[in-house]
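Enquirer: Quick one: this structure, given as C-alpha coordinates, is what I'll be asking you about.
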Amino acid sequence: MKKLVWGSVAFLVFASCAIEKQNTVKKTVPAAKPAVASSFMEVVDFQKEFLKRINKAREEGCKCGDVYMPPAEPLSWNDRLQLAALGHAQDMSRNRYFSHVSKNGDRIKDRITAAGYTPAGFQTFTIGENIAYNQRTIREVMEAWLKSPSHCKNIMNPAFREIGIAMQNYYWVQAFGARIPFSKRYNSSR
(Lines give C-alpha, C1' and ligand atoms only; values in the text may rest on other atoms or scores of the structure.)
Protein backbone atom coordinates (compact mmCIF):
# COMPACT_ATOMS: atom_id res chain seq x y z
CA MET A 1 0.00 0.00 0.00
CA LYS A 2 1.38 3.41 -0.89
CA LYS A 3 1.44 6.24 1.62
CA LEU A 4 -1.87 8.04 1.48
CA VAL A 5 -1.73 11.34 -0.37
CA TRP A 6 -4.41 13.80 0.69
CA GLY A 7 -6.31 15.60 -2.07
CA SER A 8 -8.26 18.84 -2.01
CA VAL A 9 -11.41 18.31 -4.08
CA ALA A 10 -14.43 20.05 -2.52
CA PHE A 11 -17.33 17.70 -3.27
CA LEU A 12 -18.60 14.42 -1.91
CA VAL A 13 -19.83 11.49 -3.94
CA PHE A 14 -20.47 7.87 -3.14
CA ALA A 15 -21.95 4.85 -4.86
CA SER A 16 -23.06 1.35 -4.03
CA CYS A 17 -23.40 -1.76 -6.07
CA ALA A 18 -25.94 -4.49 -5.50
CA ILE A 19 -24.82 -7.88 -4.35
CA GLU A 20 -24.00 -10.59 -6.81
CA LYS A 21 -24.82 -14.13 -5.75
CA GLN A 22 -24.34 -17.27 -7.74
CA ASN A 23 -23.94 -20.97 -7.31
CA THR A 24 -20.55 -22.58 -7.59
CA VAL A 25 -18.51 -21.53 -10.60
CA LYS A 26 -15.93 -23.90 -12.05
CA LYS A 27 -13.68 -21.21 -13.56
CA THR A 28 -10.70 -20.18 -11.42
CA VAL A 29 -8.48 -17.12 -11.64
CA PRO A 30 -4.88 -17.10 -10.38
CA ALA A 31 -4.37 -15.23 -7.11
CA ALA A 32 -2.92 -11.73 -7.24
CA LYS A 33 0.24 -10.91 -5.32
CA PRO A 34 -0.37 -9.20 -1.96
CA ALA A 35 0.24 -5.47 -1.60
CA VAL A 36 3.13 -4.25 0.53
CA ALA A 37 2.10 -1.87 3.31
CA SER A 38 4.15 1.21 4.09
CA SER A 39 3.44 0.85 7.80
CA PHE A 40 2.15 -2.35 9.35
CA MET A 41 0.61 -0.53 12.33
CA GLU A 42 -1.08 1.98 9.99
CA VAL A 43 -2.81 -0.88 8.20
CA VAL A 44 -3.73 -2.67 11.44
CA ASP A 45 -5.23 0.51 12.91
CA PHE A 46 -7.18 1.15 9.68
CA GLN A 47 -8.58 -2.39 9.76
CA LYS A 48 -9.44 -2.25 13.46
CA GLU A 49 -11.24 1.08 13.22
CA PHE A 50 -13.30 0.04 10.21
CA LEU A 51 -14.23 -3.33 11.72
CA LYS A 52 -15.16 -1.66 15.00
CA ARG A 53 -17.50 0.82 13.29
CA ILE A 54 -19.03 -1.69 10.87
CA ASN A 55 -19.55 -4.40 13.46
CA LYS A 56 -21.06 -1.94 15.94
CA ALA A 57 -23.70 -1.02 13.33
CA ARG A 58 -24.27 -4.70 12.53
CA GLU A 59 -24.58 -5.58 16.21
CA GLU A 60 -27.15 -2.86 16.88
CA GLY A 61 -29.12 -3.01 13.64
CA CYS A 62 -30.10 0.21 11.89
CA LYS A 63 -32.53 1.85 9.53
CA CYS A 64 -31.34 1.99 5.93
CA GLY A 65 -33.63 4.58 4.38
CA ASP A 66 -37.15 3.29 5.07
CA VAL A 67 -36.01 -0.29 5.74
CA TYR A 68 -34.99 -1.49 9.18
CA MET A 69 -32.05 -3.88 8.96
CA PRO A 70 -31.91 -6.13 12.02
CA PRO A 71 -28.66 -7.01 13.77
CA ALA A 72 -26.28 -9.20 11.79
CA GLU A 73 -23.24 -11.30 12.62
CA PRO A 74 -19.93 -9.39 12.68
CA LEU A 75 -17.76 -9.24 9.57
CA SER A 76 -14.18 -10.46 9.61
CA TRP A 77 -11.28 -8.96 7.66
CA ASN A 78 -10.19 -10.71 4.48
CA ASP A 79 -6.84 -9.76 2.92
CA ARG A 80 -7.89 -10.84 -0.58
CA LEU A 81 -10.96 -8.60 -0.46
CA GLN A 82 -8.73 -5.80 0.83
CA LEU A 83 -6.38 -6.36 -2.11
CA ALA A 84 -9.32 -6.08 -4.54
CA ALA A 85 -10.51 -2.90 -2.80
CA LEU A 86 -7.02 -1.40 -2.86
CA GLY A 87 -6.56 -2.13 -6.56
CA HIS A 88 -9.83 -0.43 -7.42
CA ALA A 89 -9.16 2.60 -5.18
CA GLN A 90 -5.71 3.03 -6.74
CA ASP A 91 -7.09 2.62 -10.26
CA MET A 92 -9.84 5.22 -9.72
CA SER A 93 -7.30 7.62 -8.22
CA ARG A 94 -4.70 7.10 -10.96
CA ASN A 95 -7.21 7.34 -13.82
CA ARG A 96 -9.48 9.98 -12.25
CA TYR A 97 -12.87 8.33 -12.46
CA PHE A 98 -15.53 7.18 -10.00
CA SER A 99 -17.43 4.03 -10.93
CA HIS A 100 -17.97 0.37 -10.09
CA VAL A 101 -16.83 -0.35 -13.66
CA SER A 102 -13.11 0.20 -14.26
CA LYS A 103 -11.94 2.06 -17.35
CA ASN A 104 -10.74 -1.29 -18.73
CA GLY A 105 -14.23 -2.77 -18.25
CA ASP A 106 -13.50 -4.78 -15.10
CA ARG A 107 -16.42 -5.17 -12.72
CA ILE A 108 -16.62 -6.17 -9.06
CA LYS A 109 -16.45 -9.90 -9.77
CA ASP A 110 -13.42 -9.44 -12.05
CA ARG A 111 -11.49 -7.51 -9.39
CA ILE A 112 -12.40 -9.77 -6.50
CA THR A 113 -11.65 -13.05 -8.26
CA ALA A 114 -8.39 -11.64 -9.70
CA ALA A 115 -7.34 -10.92 -6.09
CA GLY A 116 -7.82 -14.62 -5.30
CA TYR A 117 -11.24 -14.49 -3.64
CA THR A 118 -12.83 -17.11 -5.87
CA PRO A 119 -15.89 -19.38 -5.76
CA ALA A 120 -13.84 -22.51 -6.49
CA GLY A 121 -14.72 -25.24 -4.00
CA PHE A 122 -17.61 -23.35 -2.44
CA GLN A 123 -21.34 -24.00 -2.62
CA THR A 124 -22.21 -20.28 -2.87
CA PHE A 125 -20.30 -17.09 -3.59
CA THR A 126 -21.73 -13.67 -2.71
CA ILE A 127 -19.98 -10.35 -3.28
CA GLY A 128 -20.75 -6.63 -3.11
CA GLU A 129 -19.01 -3.28 -3.18
CA ASN A 130 -19.41 0.22 -1.78
CA ILE A 131 -17.37 3.12 -3.13
CA ALA A 132 -17.08 6.71 -1.93
CA TYR A 133 -15.05 9.75 -2.78
CA ASN A 134 -13.67 12.70 -0.86
CA GLN A 135 -14.59 11.83 2.72
CA ARG A 136 -11.59 12.65 4.90
CA THR A 137 -11.86 10.09 7.73
CA ILE A 138 -13.15 6.61 8.42
CA ARG A 139 -15.84 8.13 10.64
CA GLU A 140 -16.93 10.49 7.85
CA VAL A 141 -17.12 7.83 5.14
CA MET A 142 -18.94 5.38 7.44
CA GLU A 143 -21.51 8.05 8.34
CA ALA A 144 -22.06 8.78 4.64
CA TRP A 145 -22.45 5.10 3.77
CA LEU A 146 -24.87 4.48 6.65
CA LYS A 147 -27.00 7.49 5.57
CA SER A 148 -27.27 6.09 2.04
CA PRO A 149 -29.88 3.30 1.88
CA SER A 150 -28.07 1.15 -0.71
CA HIS A 151 -24.67 1.44 1.00
CA CYS A 152 -26.22 0.83 4.40
CA LYS A 153 -27.93 -2.33 3.11
CA ASN A 154 -24.59 -3.67 1.90
CA ILE A 155 -23.01 -2.96 5.30
CA MET A 156 -25.92 -4.59 7.14
CA ASN A 157 -26.47 -7.50 4.74
CA PRO A 158 -26.40 -10.72 6.83
CA ALA A 159 -25.28 -12.70 3.75
CA PHE A 160 -21.86 -11.04 3.91
CA ARG A 161 -19.29 -12.58 6.24
CA GLU A 162 -16.03 -10.90 5.22
CA ILE A 163 -14.80 -7.49 4.16
CA GLY A 164 -11.73 -5.74 2.81
CA ILE A 165 -11.46 -1.95 2.65
CA ALA A 166 -8.98 0.48 1.14
CA MET A 167 -8.55 4.18 0.49
CA GLN A 168 -6.29 5.96 -1.97
CA ASN A 169 -6.36 9.74 -2.32
CA TYR A 170 -9.86 9.79 -0.79
CA TYR A 171 -11.23 7.10 -3.11
CA TRP A 172 -12.75 4.59 -0.66
CA VAL A 173 -13.70 1.02 -1.55
CA GLN A 174 -15.40 -1.64 0.58
CA ALA A 175 -15.36 -5.15 -0.92
CA PHE A 176 -17.81 -7.57 0.73
CA GLY A 177 -17.86 -11.33 0.37
CA ALA A 178 -19.15 -14.64 1.61
CA ARG A 179 -18.29 -18.12 0.48
CA ILE A 180 -20.26 -21.02 1.90
CA PRO A 181 -18.36 -24.30 1.67
CA PHE A 182 -20.01 -27.52 0.64
CA SER A 183 -21.10 -29.31 3.79
CA LYS A 184 -20.32 -32.97 4.34
CA ARG A 185 -24.06 -33.57 4.23
CA TYR A 186 -24.48 -31.73 0.90
CA ASN A 187 -25.70 -34.10 -1.79
CA SER A 188 -25.36 -32.74 -5.34
CA SER A 189 -27.88 -35.27 -6.71
CA ARG A 190 -30.83 -33.60 -4.97
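All residue names refer to the C-alpha coordinates as shown: chains lettered A, B, ... in order, residues numbered from 1 in each chain, ligands numbered from 1 in order.
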Run DSSP on the backbone of this structure and report the residues of region 92-147 of chain A it assigns to strand (DSSP E or B), as a PDB file with N, CA and C atoms, in the first residue's frame.

Expert:
ATOM      1  N   PHE A 122     -16.578 -23.824  -3.346  1.00  0.00           N
ATOM      2  CA  PHE A 122     -17.613 -23.349  -2.444  1.00  0.00           C
ATOM      3  C   PHE A 122     -18.990 -23.560  -3.052  1.00  0.00           C
ATOM      4  N   GLN A 123     -19.967 -23.786  -2.183  1.00  0.00           N
ATOM      5  CA  GLN A 123     -21.341 -23.996  -2.621  1.00  0.00           C
ATOM      6  C   GLN A 123     -21.955 -22.698  -3.142  1.00  0.00           C
ATOM      7  N   THR A 124     -21.705 -21.587  -2.431  1.00  0.00           N
ATOM      8  CA  THR A 124     -22.206 -20.282  -2.871  1.00  0.00           C
ATOM      9  C   THR A 124     -21.095 -19.241  -2.772  1.00  0.00           C
ATOM     10  N   PHE A 125     -21.281 -18.176  -3.499  1.00  0.00           N
ATOM     11  CA  PHE A 125     -20.303 -17.088  -3.594  1.00  0.00           C
ATOM     12  C   PHE A 125     -21.112 -15.800  -3.711  1.00  0.00           C
ATOM     13  N   THR A 126     -20.973 -14.912  -2.732  1.00  0.00           N
ATOM     14  CA  THR A 126     -21.729 -13.668  -2.706  1.00  0.00           C
ATOM     15  C   THR A 126     -20.748 -12.515  -2.533  1.00  0.00           C
ATOM     16  N   ILE A 127     -20.881 -11.494  -3.365  1.00  0.00           N
ATOM     17  CA  ILE A 127     -19.983 -10.349  -3.279  1.00  0.00           C
ATOM     18  C   ILE A 127     -20.759  -9.041  -3.430  1.00  0.00           C
ATOM     19  N   GLY A 128     -20.166  -7.954  -2.963  1.00  0.00           N
ATOM     20  CA  GLY A 128     -20.751  -6.629  -3.106  1.00  0.00           C
ATOM     21  C   GLY A 128     -19.664  -5.585  -2.950  1.00  0.00           C
ATOM     22  N   GLU A 129     -20.007  -4.352  -3.237  1.00  0.00           N
ATOM     23  CA  GLU A 129     -19.012  -3.282  -3.177  1.00  0.00           C
ATOM     24  C   GLU A 129     -19.677  -1.953  -2.865  1.00  0.00           C
ATOM     25  N   ASN A 130     -19.061  -1.184  -1.996  1.00  0.00           N
ATOM     26  CA  ASN A 130     -19.406   0.223  -1.776  1.00  0.00           C
ATOM     27  C   ASN A 130     -18.202   1.048  -2.180  1.00  0.00           C
ATOM     28  N   ILE A 131     -18.458   2.182  -2.833  1.00  0.00           N
ATOM     29  CA  ILE A 131     -17.374   3.121  -3.126  1.00  0.00           C
ATOM     30  C   ILE A 131     -17.799   4.503  -2.645  1.00  0.00           C
ATOM     31  N   ALA A 132     -16.828   5.326  -2.354  1.00  0.00           N
ATOM     32  CA  ALA A 132     -17.082   6.710  -1.935  1.00  0.00           C
ATOM     33  C   ALA A 132     -15.900   7.550  -2.375  1.00  0.00           C
ATOM     34  N   TYR A 133     -16.139   8.860  -2.411  1.00  0.00           N
ATOM     35  CA  TYR A 133     -15.046   9.751  -2.779  1.00  0.00           C
ATOM     36  C   TYR A 133     -15.100  11.041  -1.970  1.00  0.00           C
TER      37      TYR A 133
END

Enquirer: Quick one: everything within 10 Å of region 138-143 of chain A, counting only C-alpha atoms, minus sequence neighbours fewer than 5 positions away in the same chain. Send it as a list in words.

Expert: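 Residues near the query, excluding close chain neighbours: Leu12, Phe14, Phe46, Glu49, Phe50, Arg53, Ile54, Ala57, Ile131, Ala132, Tyr133, Ser148, His151, Cys152, Ile155, Met167, Tyr170 and Trp172 of chain A.
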
Enquirer: Set the distance at 9 Å and use only C-alpha atoms: which residues neighbour region 102-112 of chain A once local chain neighbours fewer than 5 positions away are removed? I'd like the list as a ChimeraX atom specification.

Expert: /A:17,20,80-81,83-85,87-88,91-92,95,97,117-118,127-129,175,177

Enquirer: Let me see the file: selected residues, N, CA and C atoms, as an mmCIF file, in the first residue's frame.

Expert:
data_model
loop_
_atom_site.group_PDB
_atom_site.id
_atom_site.type_symbol
_atom_site.label_atom_id
_atom_site.label_comp_id
_atom_site.auth_asym_id
_atom_site.auth_seq_id
_atom_site.Cartn_x
_atom_site.Cartn_y
_atom_site.Cartn_z
ATOM 1 N N CYS A 17 -23.051 -0.804 -5.040
ATOM 2 C CA CYS A 17 -23.400 -1.765 -6.067
ATOM 3 C C CYS A 17 -24.120 -2.920 -5.402
ATOM 4 N N GLU A 20 -23.960 -9.582 -5.759
ATOM 5 C CA GLU A 20 -23.998 -10.586 -6.806
ATOM 6 C C GLU A 20 -23.885 -11.929 -6.113
ATOM 7 N N ARG A 80 -7.667 -10.802 0.874
ATOM 8 C CA ARG A 80 -7.887 -10.843 -0.582
ATOM 9 C C ARG A 80 -8.933 -9.809 -1.001
ATOM 10 N N LEU A 81 -9.980 -9.648 -0.178
ATOM 11 C CA LEU A 81 -10.963 -8.602 -0.463
ATOM 12 C C LEU A 81 -10.330 -7.214 -0.320
ATOM 13 N N LEU A 83 -7.219 -6.531 -0.923
ATOM 14 C CA LEU A 83 -6.383 -6.365 -2.108
ATOM 15 C C LEU A 83 -7.226 -5.917 -3.305
ATOM 16 N N ALA A 84 -8.414 -6.496 -3.461
ATOM 17 C CA ALA A 84 -9.320 -6.083 -4.544
ATOM 18 C C ALA A 84 -9.759 -4.636 -4.345
ATOM 19 N N ALA A 85 -10.096 -4.266 -3.100
ATOM 20 C CA ALA A 85 -10.513 -2.897 -2.799
ATOM 21 C C ALA A 85 -9.380 -1.910 -3.074
ATOM 22 N N GLY A 87 -6.795 -2.251 -5.116
ATOM 23 C CA GLY A 87 -6.558 -2.134 -6.556
ATOM 24 C C GLY A 87 -7.545 -1.192 -7.221
ATOM 25 N N HIS A 88 -8.826 -1.290 -6.813
ATOM 26 C CA HIS A 88 -9.835 -0.426 -7.425
ATOM 27 C C HIS A 88 -9.669 1.027 -6.963
ATOM 28 N N ASP A 91 -6.759 2.427 -8.855
ATOM 29 C CA ASP A 91 -7.088 2.615 -10.264
ATOM 30 C C ASP A 91 -7.966 3.851 -10.460
ATOM 31 N N MET A 92 -8.988 4.025 -9.597
ATOM 32 C CA MET A 92 -9.840 5.217 -9.721
ATOM 33 C C MET A 92 -9.024 6.485 -9.491
ATOM 34 N N ASN A 95 -6.547 7.030 -12.553
ATOM 35 C CA ASN A 95 -7.215 7.337 -13.823
ATOM 36 C C ASN A 95 -8.346 8.351 -13.692
ATOM 37 N N TYR A 97 -11.470 8.645 -12.180
ATOM 38 C CA TYR A 97 -12.871 8.328 -12.459
ATOM 39 C C TYR A 97 -13.500 7.804 -11.184
ATOM 40 N N TYR A 117 -10.019 -14.165 -4.378
ATOM 41 C CA TYR A 117 -11.239 -14.491 -3.640
ATOM 42 C C TYR A 117 -12.195 -15.109 -4.658
ATOM 43 N N THR A 118 -12.109 -16.426 -4.801
ATOM 44 C CA THR A 118 -12.828 -17.111 -5.873
ATOM 45 C C THR A 118 -13.899 -18.051 -5.326
ATOM 46 N N ILE A 127 -20.881 -11.494 -3.365
ATOM 47 C CA ILE A 127 -19.983 -10.349 -3.279
ATOM 48 C C ILE A 127 -20.759 -9.041 -3.430
ATOM 49 N N GLY A 128 -20.166 -7.954 -2.963
ATOM 50 C CA GLY A 128 -20.751 -6.629 -3.106
ATOM 51 C C GLY A 128 -19.664 -5.585 -2.950
ATOM 52 N N GLU A 129 -20.007 -4.352 -3.237
ATOM 53 C CA GLU A 129 -19.012 -3.282 -3.177
ATOM 54 C C GLU A 129 -19.677 -1.953 -2.865
ATOM 55 N N ALA A 175 -15.054 -3.925 -0.166
ATOM 56 C CA ALA A 175 -15.365 -5.151 -0.917
ATOM 57 C C ALA A 175 -15.910 -6.166 0.086
ATOM 58 N N GLY A 177 -17.797 -9.984 0.917
ATOM 59 C CA GLY A 177 -17.856 -11.326 0.373
ATOM 60 C C GLY A 177 -18.376 -12.346 1.372
#

Enquirer: Between CA of Ala178 (chain A) and CA of Gln135 (chain A), what distance in Å does the model show, to one decimal?

Expert: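 If I compute the distance from CA of Ala178 (chain A) to CA of Gln135 (chain A), I get 26.9 Å.
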
Enquirer: Rounded to one decimal, what separation in Å do you get between CA of Gly164 (chain A) and CA of Thr113 (chain A)?

Expert: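 Those two atoms sit 13.3 Å apart.
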
Enquirer: Nearest to Ala144 (chain A) among A:Ile163, A:Ala72, A:Cys64, A:Leu86, with distances taken over only C-alpha atoms: which residue is it?

Expert: A:Cys64

Enquirer: Using only C-alpha atoms, find the one residue out of A:Lys147, A:Arg94, A:Arg136, A:Lys52 that sits nearest to Pro74 (chain A).

Expert: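 That would be A:Lys52, the residue with the smallest distance to Pro74 (chain A).
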
Enquirer: Using only C-alpha atoms, pick whichever of A:Val101, A:Ala166, A:Met156, A:Met41 has the shortest atom-to-atom distance to Pro71 (chain A).

Expert: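 Checking each of A:Val101, A:Ala166, A:Met156, A:Met41 against Pro71 (chain A), counting only C-alpha atoms, the winner is A:Met156.
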
Enquirer: What are the closest atom pairs, with distances in Å to one decimal, for each residue of region 52-152 of chain A lying within 6 Å of region 157-162 of chain A, using only C-alpha atoms, rows by chain and rising residue number, as a tab-separated table?

Expert:
residue	atom	partner	partner_atom	distance
A:Ala72	CA	A:Pro158	CA	5.2
A:Leu75	CA	A:Glu162	CA	5.0
A:Ser76	CA	A:Glu162	CA	4.8
A:Trp77	CA	A:Glu162	CA	5.7
A:Asn78	CA	A:Glu162	CA	5.9
